[in-house]
Structure formats: C-alpha cells, structure tokens
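Structure first, commentary second.
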Amino acid sequence: QRAMIRKGIGEGLHSEWDESSDRLYRVYSESVRNLGTPVFAAKYLRILREVFAEDCSVLMITRAGQDVAGVMNFYFRDEVLPYYGGSTAEARTIKGVNHFMYWELMRRSREQGYKLFDFGRSKRDVGSYRFKTHWGFEPAPLAYEIRLVRAAAAPEVNPLNPKYRMFVEAWKRLPLPLSRLIGPPLARNLG
C-alpha cells in the first residue's frame with residue numbers, strides 16, 4: 001500500500017477538501033456510468049451535505065488542477081466512513097489514485113482526531129473487497145434482514161446478476177451527459 005501511495009505522490013496527486021458536492025458528483029457520476037450503473041440525482045449529494053453539515057465532508061483528488069477522484073465521507077463519534085467515492089476514466093492511467101485518496105482521507109481524518117476508519121461493505125471476492133483487505137482491514141460479515149411481502153426471494157438487483165449483464169454493458173457506452181440525464185429516474189427504482 002505504501003508503494004502505491006508513493007506512486008500517487010510521484011504522479012503529482014494532491015488532495016483538498018471541497019465545501020460543495022458538485023465536483024464530486026461529476027467524478028462520481030462518471031465512475032458509476034463506467035461501471036454500468038445509473039447514477040442518482042446531483043441534488044441527493046447536496047442534500048446530504050446540508051443535512052449532515054459538519055458530520056460530512058468531500059475530499060477531492062486532483063492532478064495538474066484537474067479532478068481525478070473524490071469521496072464523500074460521514075463522521076460519527078471518532079469514526080470516519082467514506083461512502084460515495086469514485087474516479088474518472090483518466091484516473092485509470094494514473095498509478096495509485098485510489099490508494100492515495102484513501103490514504104489522504106485516513107491521514108487528514110486522524111489529524112482531526114478520528115480514530116476509526118470504516119471502509120464499508122463489499123461483496124466478498126470482488127475488486128473493492130480485495131482492495132480493502134489489502135489495506136490490512138479484517139472483514140466482518142454483516143447480517144441483513146429482509147421482509148418479503150409478495151416475493152418468494154429477495155431480488156438480486158446488482159451488476160453481478162447475469163440478468164442485467166446486457167443493460168450494464170450498454171450503460172457503460174452511454175454518453176456521460178445522457179447517463180446523467182436518464183440515470184436519476186432509473187436509479188430511484190434500483191434500490
């Protein structure tokens with residue numbers, strides 16, 4: 001992890017807090033489109049910033065003045081929880097962007113007195129799960145309860161479901177402005 005962070009530093013990456021959520025939305029919406037998932041409306045992130053106020057932050061990662069990654073974080077007691085994060089397609093050509101971003105979040109949060117870092121949930125054995133465990137965090141299973149009303153089983157609304165494979169691949173090819181326009185109405189019905 002240290003080597004990847006140093007590579008990010010060597011690539012000229014910088015971190016900065018952002019009071020708004022607009023820059024993050026541009027990065028995040030591109031990131032989820034590239035993964036094949038419709039994005040929610042930008043207004044949602046603005047509302048989170050307003051409602052959570054001091055218990056919410058946005059950290060942006062830039063290179064040569066251009067946004068390449070960002071993450072929205074929540075704070076509870078002495079814990080920081082990165083929640084909505086993403087990076088641009090350009091970030092894939094830069095070594096260590098995500099490593100640098102999370103390191104900077106950990107470092108800056110520690111400077112502010114936070115002691116715990118919660119990487120959040122991931123499905124076992126997917127890319128984000130492996131990324132998180134490489135940091136040395138111990139995974140802990142989470143129990144979920146689902147109340148079925150008219151269904152026999154819980155719906156599997158996720159990009160790994162083969163039923164959605166064609167939709168995911170088509171979504172990845174949409175022009176970014178179009179995905180931002182038609183994504184929010186679709187995203188409302190996905191989760």
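Within each chain, counting starts at residue 1; across the structure tokens, chains are named A, B, ... in the order shown, with ligands numbered 1 upward in that order.
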Hey, what's within 12 Å of Val71 in chain A if we count only C-alpha atoms and toss same-chain stuff fewer than 3 positions away? As number ranges by chain, please? A: 15-18, 20-29, 31, 45, 56-61, 67-68, 74, 80-87, 97-98, 100-106, 119
Counting only C-alpha atoms, which of A:Thr93, A:Ser128, A:Ser122, A:Ser109 gets nearest to Glu79 in chain A?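 The closest residue to Glu79 in chain A is A:Ser109.
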One decimal, in Å: what's the spacing between CA of Arg108 in chain A and CA of Arg46 in chain A?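 One can read the CA of Arg108 in chain A to CA of Arg46 in chain A distance as 22.3 Å.
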Run DSSP on the backbone and give me the residues of range 33-167 of chain A it puts in strand (DSSP E), as a count of residues only. 30
Find the spatial neighbours of Met4 in chain A, counting only C-alpha atoms, within a cut-off of 8 Å - ignore same-chain residues fewer than 5 positions away - and output them as a short mmCIF file (atom, residue, chain, number, x, y, z; two decimals) with C-alpha atoms, in the first residue's frame.
data_model
loop_
_atom_site.label_atom_id
_atom_site.label_comp_id
_atom_site.auth_asym_id
_atom_site.auth_seq_id
_atom_site.Cartn_x
_atom_site.Cartn_y
_atom_site.Cartn_z
CA LYS A 95 -0.80 4.97 -10.74
CA GLY A 96 -2.14 4.88 -7.18
CA HIS A 99 -4.69 4.34 -2.75
CA PHE A 100 -3.63 7.98 -2.47
#
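Excluding range 139-154 of chain A and any residue on its chain fewer than 3 positions from it, the residues at most 10 Å away by only C-alpha atoms are Phe119, Gly120, Arg121, Ser122, Lys123, Arg124, Tyr129, Lys132, Thr133, Gly136 and Val157 of chain A.
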Within chain A, find each residue whose DSSP state, derived from the backbone, is helix (DSSP H, G or I), and express the selection as a PDB file with C-alpha atoms, in the first residue's frame.
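Output contents, as saved in part-v8.pdb:
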ATOM      1  CA  ARG A   2       2.826   2.404   0.850  1.00  0.00           C
ATOM      2  CA  ALA A   3       4.393   1.824  -2.573  1.00  0.00           C
ATOM      3  CA  MET A   4       1.091   2.636  -4.309  1.00  0.00           C
ATOM      4  CA  ILE A   5       0.645   5.770  -2.210  1.00  0.00           C
ATOM      5  CA  ARG A   6       4.185   6.881  -3.103  1.00  0.00           C
ATOM      6  CA  LYS A   7       3.382   6.265  -6.779  1.00  0.00           C
ATOM      7  CA  GLY A   8       0.356   8.533  -6.427  1.00  0.00           C
ATOM      8  CA  ILE A   9       2.519  11.225  -4.864  1.00  0.00           C
ATOM      9  CA  GLY A  10       5.023  10.757  -7.683  1.00  0.00           C
ATOM     10  CA  ASP A  22     -20.707  19.453  -7.392  1.00  0.00           C
ATOM     11  CA  ARG A  23     -17.173  18.389  -8.298  1.00  0.00           C
ATOM     12  CA  LEU A  24     -17.675  15.067  -6.549  1.00  0.00           C
ATOM     13  CA  TYR A  25     -20.886  14.467  -8.483  1.00  0.00           C
ATOM     14  CA  ARG A  26     -19.112  14.988 -11.804  1.00  0.00           C
ATOM     15  CA  VAL A  27     -16.445  12.435 -10.832  1.00  0.00           C
ATOM     16  CA  TYR A  28     -18.843  10.014  -9.126  1.00  0.00           C
ATOM     17  CA  SER A  29     -21.394  10.034 -11.954  1.00  0.00           C
ATOM     18  CA  GLU A  30     -18.651   9.239 -14.464  1.00  0.00           C
ATOM     19  CA  SER A  31     -17.345   6.466 -12.248  1.00  0.00           C
ATOM     20  CA  VAL A  32     -20.682   4.696 -11.815  1.00  0.00           C
ATOM     21  CA  ARG A  33     -21.506   5.116 -15.517  1.00  0.00           C
ATOM     22  CA  ASN A  34     -18.166   3.424 -16.294  1.00  0.00           C
ATOM     23  CA  LEU A  35     -19.240   0.562 -14.016  1.00  0.00           C
ATOM     24  CA  ALA A  42     -26.861  15.518  -8.000  1.00  0.00           C
ATOM     25  CA  LYS A  43     -29.408  17.019  -5.627  1.00  0.00           C
ATOM     26  CA  TYR A  44     -29.072  13.952  -3.389  1.00  0.00           C
ATOM     27  CA  LEU A  45     -25.414  14.703  -2.590  1.00  0.00           C
ATOM     28  CA  ARG A  46     -26.241  18.381  -1.996  1.00  0.00           C
ATOM     29  CA  ILE A  47     -28.951  17.390   0.486  1.00  0.00           C
ATOM     30  CA  LEU A  48     -26.561  15.042   2.308  1.00  0.00           C
ATOM     31  CA  ARG A  49     -24.022  17.872   2.670  1.00  0.00           C
ATOM     32  CA  GLU A  50     -26.712  20.198   4.022  1.00  0.00           C
ATOM     33  CA  VAL A  51     -28.334  17.725   6.407  1.00  0.00           C
ATOM     34  CA  PHE A  52     -25.132  16.211   7.817  1.00  0.00           C
ATOM     35  CA  ALA A  53     -23.241  19.539   7.752  1.00  0.00           C
ATOM     36  CA  GLU A  54     -20.114  19.168   9.925  1.00  0.00           C
ATOM     37  CA  ASP A  55     -20.581  15.377  10.009  1.00  0.00           C
ATOM     38  CA  GLU A  90      -8.343   9.348 -16.734  1.00  0.00           C
ATOM     39  CA  ALA A  91      -7.558   8.118 -13.207  1.00  0.00           C
ATOM     40  CA  ARG A  92      -7.090   4.618 -14.612  1.00  0.00           C
ATOM     41  CA  THR A  93      -3.982   5.888 -16.406  1.00  0.00           C
ATOM     42  CA  VAL A  97      -5.110   7.274  -7.410  1.00  0.00           C
ATOM     43  CA  ASN A  98      -7.475   5.353  -5.127  1.00  0.00           C
ATOM     44  CA  HIS A  99      -4.686   4.344  -2.750  1.00  0.00           C
ATOM     45  CA  PHE A 100      -3.634   7.980  -2.474  1.00  0.00           C
ATOM     46  CA  MET A 101      -7.232   9.153  -1.981  1.00  0.00           C
ATOM     47  CA  TYR A 102      -7.970   6.796   0.905  1.00  0.00           C
ATOM     48  CA  TRP A 103      -4.567   7.388   2.476  1.00  0.00           C
ATOM     49  CA  GLU A 104      -5.167  11.129   2.386  1.00  0.00           C
ATOM     50  CA  LEU A 105      -8.604  10.647   3.913  1.00  0.00           C
ATOM     51  CA  MET A 106      -7.148   8.487   6.686  1.00  0.00           C
ATOM     52  CA  ARG A 107      -4.271  10.900   7.296  1.00  0.00           C
ATOM     53  CA  ARG A 108      -6.431  14.029   7.327  1.00  0.00           C
ATOM     54  CA  SER A 109      -9.102  12.368   9.473  1.00  0.00           C
ATOM     55  CA  ARG A 110      -6.502  11.282  12.001  1.00  0.00           C
ATOM     56  CA  GLU A 111      -5.187  14.867  12.157  1.00  0.00           C
ATOM     57  CA  GLY A 127     -12.445  -5.874  -6.736  1.00  0.00           C
ATOM     58  CA  SER A 128     -13.472  -3.464  -3.974  1.00  0.00           C
ATOM     59  CA  TYR A 129     -13.336  -6.265  -1.385  1.00  0.00           C
ATOM     60  CA  ARG A 130      -9.791  -7.196  -2.409  1.00  0.00           C
ATOM     61  CA  PHE A 131      -8.729  -3.522  -2.450  1.00  0.00           C
ATOM     62  CA  LYS A 132      -9.966  -3.056   1.113  1.00  0.00           C
ATOM     63  CA  THR A 133      -8.436  -6.235   2.519  1.00  0.00           C
ATOM     64  CA  PRO A 162     -26.391 -12.156 -15.276  1.00  0.00           C
ATOM     65  CA  LYS A 163     -29.944 -10.935 -15.890  1.00  0.00           C
ATOM     66  CA  TYR A 164     -28.598  -7.354 -16.032  1.00  0.00           C
ATOM     67  CA  ARG A 165     -25.364  -8.025 -17.963  1.00  0.00           C
ATOM     68  CA  MET A 166     -26.615  -6.591 -21.287  1.00  0.00           C
ATOM     69  CA  PHE A 167     -28.020  -3.496 -19.570  1.00  0.00           C
ATOM     70  CA  VAL A 168     -24.736  -2.927 -17.692  1.00  0.00           C
ATOM     71  CA  GLU A 169     -22.657  -3.211 -20.871  1.00  0.00           C
ATOM     72  CA  ALA A 170     -24.983  -0.869 -22.796  1.00  0.00           C
ATOM     73  CA  TRP A 171     -24.995   1.675 -19.948  1.00  0.00           C
ATOM     74  CA  LYS A 172     -21.187   1.829 -19.952  1.00  0.00           C
ATOM     75  CA  LEU A 176     -21.885  10.828 -19.957  1.00  0.00           C
ATOM     76  CA  PRO A 177     -24.371  13.736 -20.254  1.00  0.00           C
ATOM     77  CA  LEU A 178     -27.107  11.301 -21.326  1.00  0.00           C
ATOM     78  CA  SER A 179     -26.340   8.932 -18.427  1.00  0.00           C
ATOM     79  CA  ARG A 180     -26.625  11.887 -16.016  1.00  0.00           C
ATOM     80  CA  LEU A 181     -29.972  12.853 -17.547  1.00  0.00           C
ATOM     81  CA  ILE A 182     -31.731   9.471 -17.623  1.00  0.00           C
ATOM     82  CA  GLY A 183     -29.844   7.850 -14.727  1.00  0.00           C
ATOM     83  CA  PRO A 184     -31.643   9.531 -11.781  1.00  0.00           C
ATOM     84  CA  PRO A 185     -35.161   8.334 -12.688  1.00  0.00           C
ATOM     85  CA  LEU A 186     -33.828   4.785 -13.183  1.00  0.00           C
ATOM     86  CA  ALA A 187     -31.699   4.856 -10.009  1.00  0.00           C
TER      87      ALA A 187
END
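Between CA of Phe137 in chain A and CA of Thr88 in chain A the interatomic distance comes to 25.6 Å.
When CA of Val39 in chain A is paired with CA of Met72 in chain A, their separation reads 14.9 Å.
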